[in-house]
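Asker: Shown below is the structure under consideration.
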Amino acid sequence: MGNTKKWVIATNGTKYASAAVKYAAELFRDLRVDPEVYILVIAVDDEALNEAKGIIELAKYTFEDIAGKEGPLETMVETGNPGKIIVEQMKKLKADHLFIGGADFKWDINEDGPGGISNYIIDHLSGGVTLIK
């Protein structure tokens, strides 16, 4: 974990996704080197965009409150398929670690059953993935 330089925290505001934000903040707080941190929220459609913006503000506040220090933190709201967007953003940012919550995803629009988004991410992404449940 000490060698990671860019983190993406993908959250949708649910129980385990919020726990992923908190876990990443605790790690960030205790590290000697500060990685770049991106908080990503994905709205599945345009109607969910306002809710996504609210979720990202809460996630940013939670992260900064727990981390107890300022660091390079950026927020991103995207619209579309969560699994594909998370993988695309990880590659675009050249991020080396992803924090996500699992099992309670509202995002689970995949027909493969519970964990469809996290399974998609693990199948299509190389690098560190911390799945909080």
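Letters A, B, ... go to the chains of the structure tokens in the order shown; residues in each chain start at 1; ligands are counted from 1 in the same order.
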What's the 10 Å shell around range 47-52 of chain A, counting only C-alpha atoms, without same-chain residues fewer than 2 positions away, as a ChimeraX atom specification?
Answerer: /A:11-13,40-45,54-58,76-79
Asker: Go ahead and write the residues just picked, all heavy atoms, as a tab-separated table (two decimals), in the first residue's frame.
Answerer:
chain	number	residue	atom	x	y	z
A	11	THR	N	-17.86	5.48	-4.89
A	11	THR	CA	-18.92	5.35	-3.89
A	11	THR	C	-20.26	5.72	-4.49
A	11	THR	O	-20.33	6.53	-5.41
A	11	THR	CB	-18.63	6.21	-2.64
A	11	THR	OG1	-19.65	5.99	-1.66
A	11	THR	CG2	-18.54	7.68	-2.98
A	12	ASN	N	-21.29	5.09	-3.96
A	12	ASN	CA	-22.65	5.45	-4.34
A	12	ASN	C	-23.48	5.80	-3.11
A	12	ASN	O	-24.68	5.88	-3.17
A	12	ASN	CB	-23.31	4.32	-5.14
A	12	ASN	CG	-23.45	3.04	-4.35
A	12	ASN	OD1	-22.96	2.93	-3.24
A	12	ASN	ND2	-24.09	2.06	-4.94
A	13	GLY	N	-22.80	5.99	-1.98
A	13	GLY	CA	-23.46	6.43	-0.77
A	13	GLY	C	-24.09	5.33	0.06
A	13	GLY	O	-24.62	5.60	1.13
A	40	LEU	N	-15.02	9.23	-6.86
A	40	LEU	CA	-15.83	9.07	-8.06
A	40	LEU	C	-17.23	8.58	-7.69
A	40	LEU	O	-17.37	7.60	-6.98
A	40	LEU	CB	-15.17	8.04	-9.00
A	40	LEU	CG	-15.93	7.58	-10.23
A	40	LEU	CD1	-16.20	8.74	-11.18
A	40	LEU	CD2	-15.16	6.46	-10.93
A	41	VAL	N	-18.23	9.30	-8.16
A	41	VAL	CA	-19.61	8.88	-8.00
A	41	VAL	C	-20.22	8.79	-9.39
A	41	VAL	O	-20.02	9.69	-10.21
A	41	VAL	CB	-20.43	9.85	-7.12
A	41	VAL	CG1	-21.90	9.46	-7.09
A	41	VAL	CG2	-19.86	9.89	-5.70
A	42	ILE	N	-20.95	7.72	-9.64
A	42	ILE	CA	-21.54	7.50	-10.94
A	42	ILE	C	-23.06	7.48	-10.82
A	42	ILE	O	-23.61	6.69	-10.07
A	42	ILE	CB	-21.04	6.19	-11.57
A	42	ILE	CG1	-19.52	6.27	-11.73
A	42	ILE	CG2	-21.70	5.95	-12.92
A	42	ILE	CD1	-18.83	4.99	-11.57
A	43	ALA	N	-23.69	8.36	-11.57
A	43	ALA	CA	-25.15	8.36	-11.69
A	43	ALA	C	-25.50	7.44	-12.84
A	43	ALA	O	-24.90	7.54	-13.91
A	43	ALA	CB	-25.67	9.77	-11.95
A	44	VAL	N	-26.44	6.55	-12.63
A	44	VAL	CA	-26.78	5.61	-13.70
A	44	VAL	C	-27.52	6.27	-14.84
A	44	VAL	O	-27.55	5.76	-15.95
A	44	VAL	CB	-27.56	4.38	-13.17
A	44	VAL	CG1	-26.68	3.54	-12.27
A	44	VAL	CG2	-28.83	4.79	-12.48
A	45	ASP	N	-28.14	7.45	-14.57
A	45	ASP	CA	-28.80	8.21	-15.63
A	45	ASP	C	-28.87	9.68	-15.21
A	45	ASP	O	-28.48	10.04	-14.10
A	45	ASP	CB	-30.19	7.66	-15.95
A	45	ASP	CG	-31.10	7.59	-14.73
A	45	ASP	OD1	-31.02	8.47	-13.84
A	45	ASP	OD2	-31.91	6.64	-14.66
A	54	GLY	N	-24.85	15.21	-4.46
A	54	GLY	CA	-24.97	15.24	-3.01
A	54	GLY	C	-24.10	14.18	-2.35
A	54	GLY	O	-23.45	14.43	-1.33
A	55	ILE	N	-24.06	13.00	-2.95
A	55	ILE	CA	-23.24	11.91	-2.41
A	55	ILE	C	-21.77	12.29	-2.44
A	55	ILE	O	-21.03	12.04	-1.49
A	55	ILE	CB	-23.49	10.61	-3.21
A	55	ILE	CG1	-24.90	10.09	-2.92
A	55	ILE	CG2	-22.44	9.54	-2.89
A	55	ILE	CD1	-25.35	8.97	-3.86
A	56	ILE	N	-21.33	12.92	-3.52
A	56	ILE	CA	-19.90	13.25	-3.62
A	56	ILE	C	-19.51	14.31	-2.60
A	56	ILE	O	-18.42	14.27	-2.04
A	56	ILE	CB	-19.49	13.62	-5.05
A	56	ILE	CG1	-18.00	13.36	-5.21
A	56	ILE	CG2	-19.79	15.07	-5.39
A	56	ILE	CD1	-17.58	12.93	-6.56
A	57	GLU	N	-20.39	15.26	-2.35
A	57	GLU	CA	-20.09	16.28	-1.33
A	57	GLU	C	-19.96	15.65	0.05
A	57	GLU	O	-19.06	16.00	0.82
A	57	GLU	CB	-21.14	17.38	-1.34
A	57	GLU	CG	-21.06	18.29	-2.55
A	57	GLU	CD	-19.69	18.95	-2.71
A	57	GLU	OE1	-19.13	19.45	-1.70
A	57	GLU	OE2	-19.18	18.96	-3.85
A	58	LEU	N	-20.86	14.73	0.37
A	58	LEU	CA	-20.80	14.04	1.66
A	58	LEU	C	-19.54	13.18	1.76
A	58	LEU	O	-18.86	13.16	2.79
A	58	LEU	CB	-22.05	13.19	1.88
A	58	LEU	CG	-22.10	12.42	3.20
A	58	LEU	CD1	-22.03	13.38	4.39
A	58	LEU	CD2	-23.36	11.57	3.25
A	76	MET	N	-15.22	13.60	-8.81
A	76	MET	CA	-15.70	13.42	-10.17
A	76	MET	C	-17.09	12.80	-10.12
A	76	MET	O	-17.32	11.85	-9.38
A	76	MET	CB	-14.79	12.48	-10.95
A	76	MET	CG	-13.34	12.94	-11.04
A	76	MET	SD	-12.31	11.75	-11.95
A	76	MET	CE	-12.27	10.39	-10.80
A	77	VAL	N	-18.01	13.33	-10.91
A	77	VAL	CA	-19.33	12.74	-11.09
A	77	VAL	C	-19.46	12.39	-12.56
A	77	VAL	O	-19.25	13.23	-13.43
A	77	VAL	CB	-20.46	13.71	-10.65
A	77	VAL	CG1	-21.82	13.09	-10.95
A	77	VAL	CG2	-20.34	14.05	-9.18
A	78	GLU	N	-19.80	11.14	-12.83
A	78	GLU	CA	-19.98	10.65	-14.19
A	78	GLU	C	-21.37	10.03	-14.31
A	78	GLU	O	-21.98	9.67	-13.31
A	78	GLU	CB	-18.93	9.59	-14.53
A	78	GLU	CG	-17.49	10.06	-14.43
A	78	GLU	CD	-17.04	10.86	-15.62
A	78	GLU	OE1	-17.69	10.76	-16.69
A	78	GLU	OE2	-16.06	11.59	-15.50
A	79	THR	N	-21.84	9.88	-15.53
A	79	THR	CA	-23.13	9.25	-15.78
A	79	THR	C	-22.92	8.07	-16.72
A	79	THR	O	-22.23	8.20	-17.73
A	79	THR	CB	-24.11	10.25	-16.43
A	79	THR	OG1	-24.22	11.40	-15.60
A	79	THR	CG2	-25.48	9.63	-16.62
Asker: I need the alpha helix (DSSP H) residues of chain A per DSSP on the backbone, written as a PyMOL selection string.
Answerer: chain A and resi 15-30+49-67+82-93+116-124
Asker: Name the residues in contact with Ala24 in chain A at a cut-off of 10 Å, using only C-alpha atoms, excluding same-chain residues fewer than 5 positions from it; report them as a VMD selection string.
Answerer: chain A and resid 7 to 9 19 29 37 63 66 to 67 98 to 100 130
Asker: Which residue gives the smallest distance to Thr62 in chain A among A:Lys22, A:Lys133, A:Lys5, A:Arg32, with only C-alpha atoms counted?
Answerer: A:Lys22
Asker: Let's see if you can do this: from backbone DSSP, list all strand (DSSP E or B) residues in range 42-85 of chain A, as a ChimeraX atom specification.
Answerer: /A:42-43,73-79
Asker: For Leu125 in chain A, list every protein, DNA or RNA residue within 10 Å, evaluated using only C-alpha atoms, and leave out those in the same chain fewer than 5 positions away; present the list as a PDB file with N, CA and C atoms, in the first residue's frame.
Answerer:
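Listed below is the output, selection_39.pdb:
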ATOM      1  N   ILE A  86     -15.842   3.109 -13.915  1.00  0.00           N
ATOM      2  CA  ILE A  86     -14.784   2.960 -12.911  1.00  0.00           C
ATOM      3  C   ILE A  86     -13.503   2.459 -13.571  1.00  0.00           C
ATOM      4  N   VAL A  87     -13.614   1.426 -14.389  1.00  0.00           N
ATOM      5  CA  VAL A  87     -12.436   0.877 -15.076  1.00  0.00           C
ATOM      6  C   VAL A  87     -11.818   1.929 -15.996  1.00  0.00           C
ATOM      7  N   GLU A  88     -12.645   2.638 -16.766  1.00  0.00           N
ATOM      8  CA  GLU A  88     -12.135   3.685 -17.668  1.00  0.00           C
ATOM      9  C   GLU A  88     -11.398   4.776 -16.898  1.00  0.00           C
ATOM     10  N   MET A  90     -10.019   4.608 -13.884  1.00  0.00           N
ATOM     11  CA  MET A  90      -8.782   4.058 -13.311  1.00  0.00           C
ATOM     12  C   MET A  90      -7.661   4.069 -14.352  1.00  0.00           C
ATOM     13  N   LYS A  91      -7.997   3.655 -15.567  1.00  0.00           N
ATOM     14  CA  LYS A  91      -6.991   3.627 -16.633  1.00  0.00           C
ATOM     15  C   LYS A  91      -6.607   5.037 -17.064  1.00  0.00           C
ATOM     16  N   ASP A  96      -3.461   3.446  -9.283  1.00  0.00           N
ATOM     17  CA  ASP A  96      -2.941   2.138  -8.938  1.00  0.00           C
ATOM     18  C   ASP A  96      -3.679   1.461  -7.791  1.00  0.00           C
ATOM     19  N   LEU A  98      -7.871   1.049  -6.089  1.00  0.00           N
ATOM     20  CA  LEU A  98      -9.294   1.366  -6.083  1.00  0.00           C
ATOM     21  C   LEU A  98      -9.908   0.898  -4.775  1.00  0.00           C
ATOM     22  N   TYR A 120     -17.236  -7.263 -12.267  1.00  0.00           N
ATOM     23  CA  TYR A 120     -16.819  -6.668 -13.538  1.00  0.00           C
ATOM     24  C   TYR A 120     -15.488  -5.932 -13.372  1.00  0.00           C
TER      25      TYR A 120
END
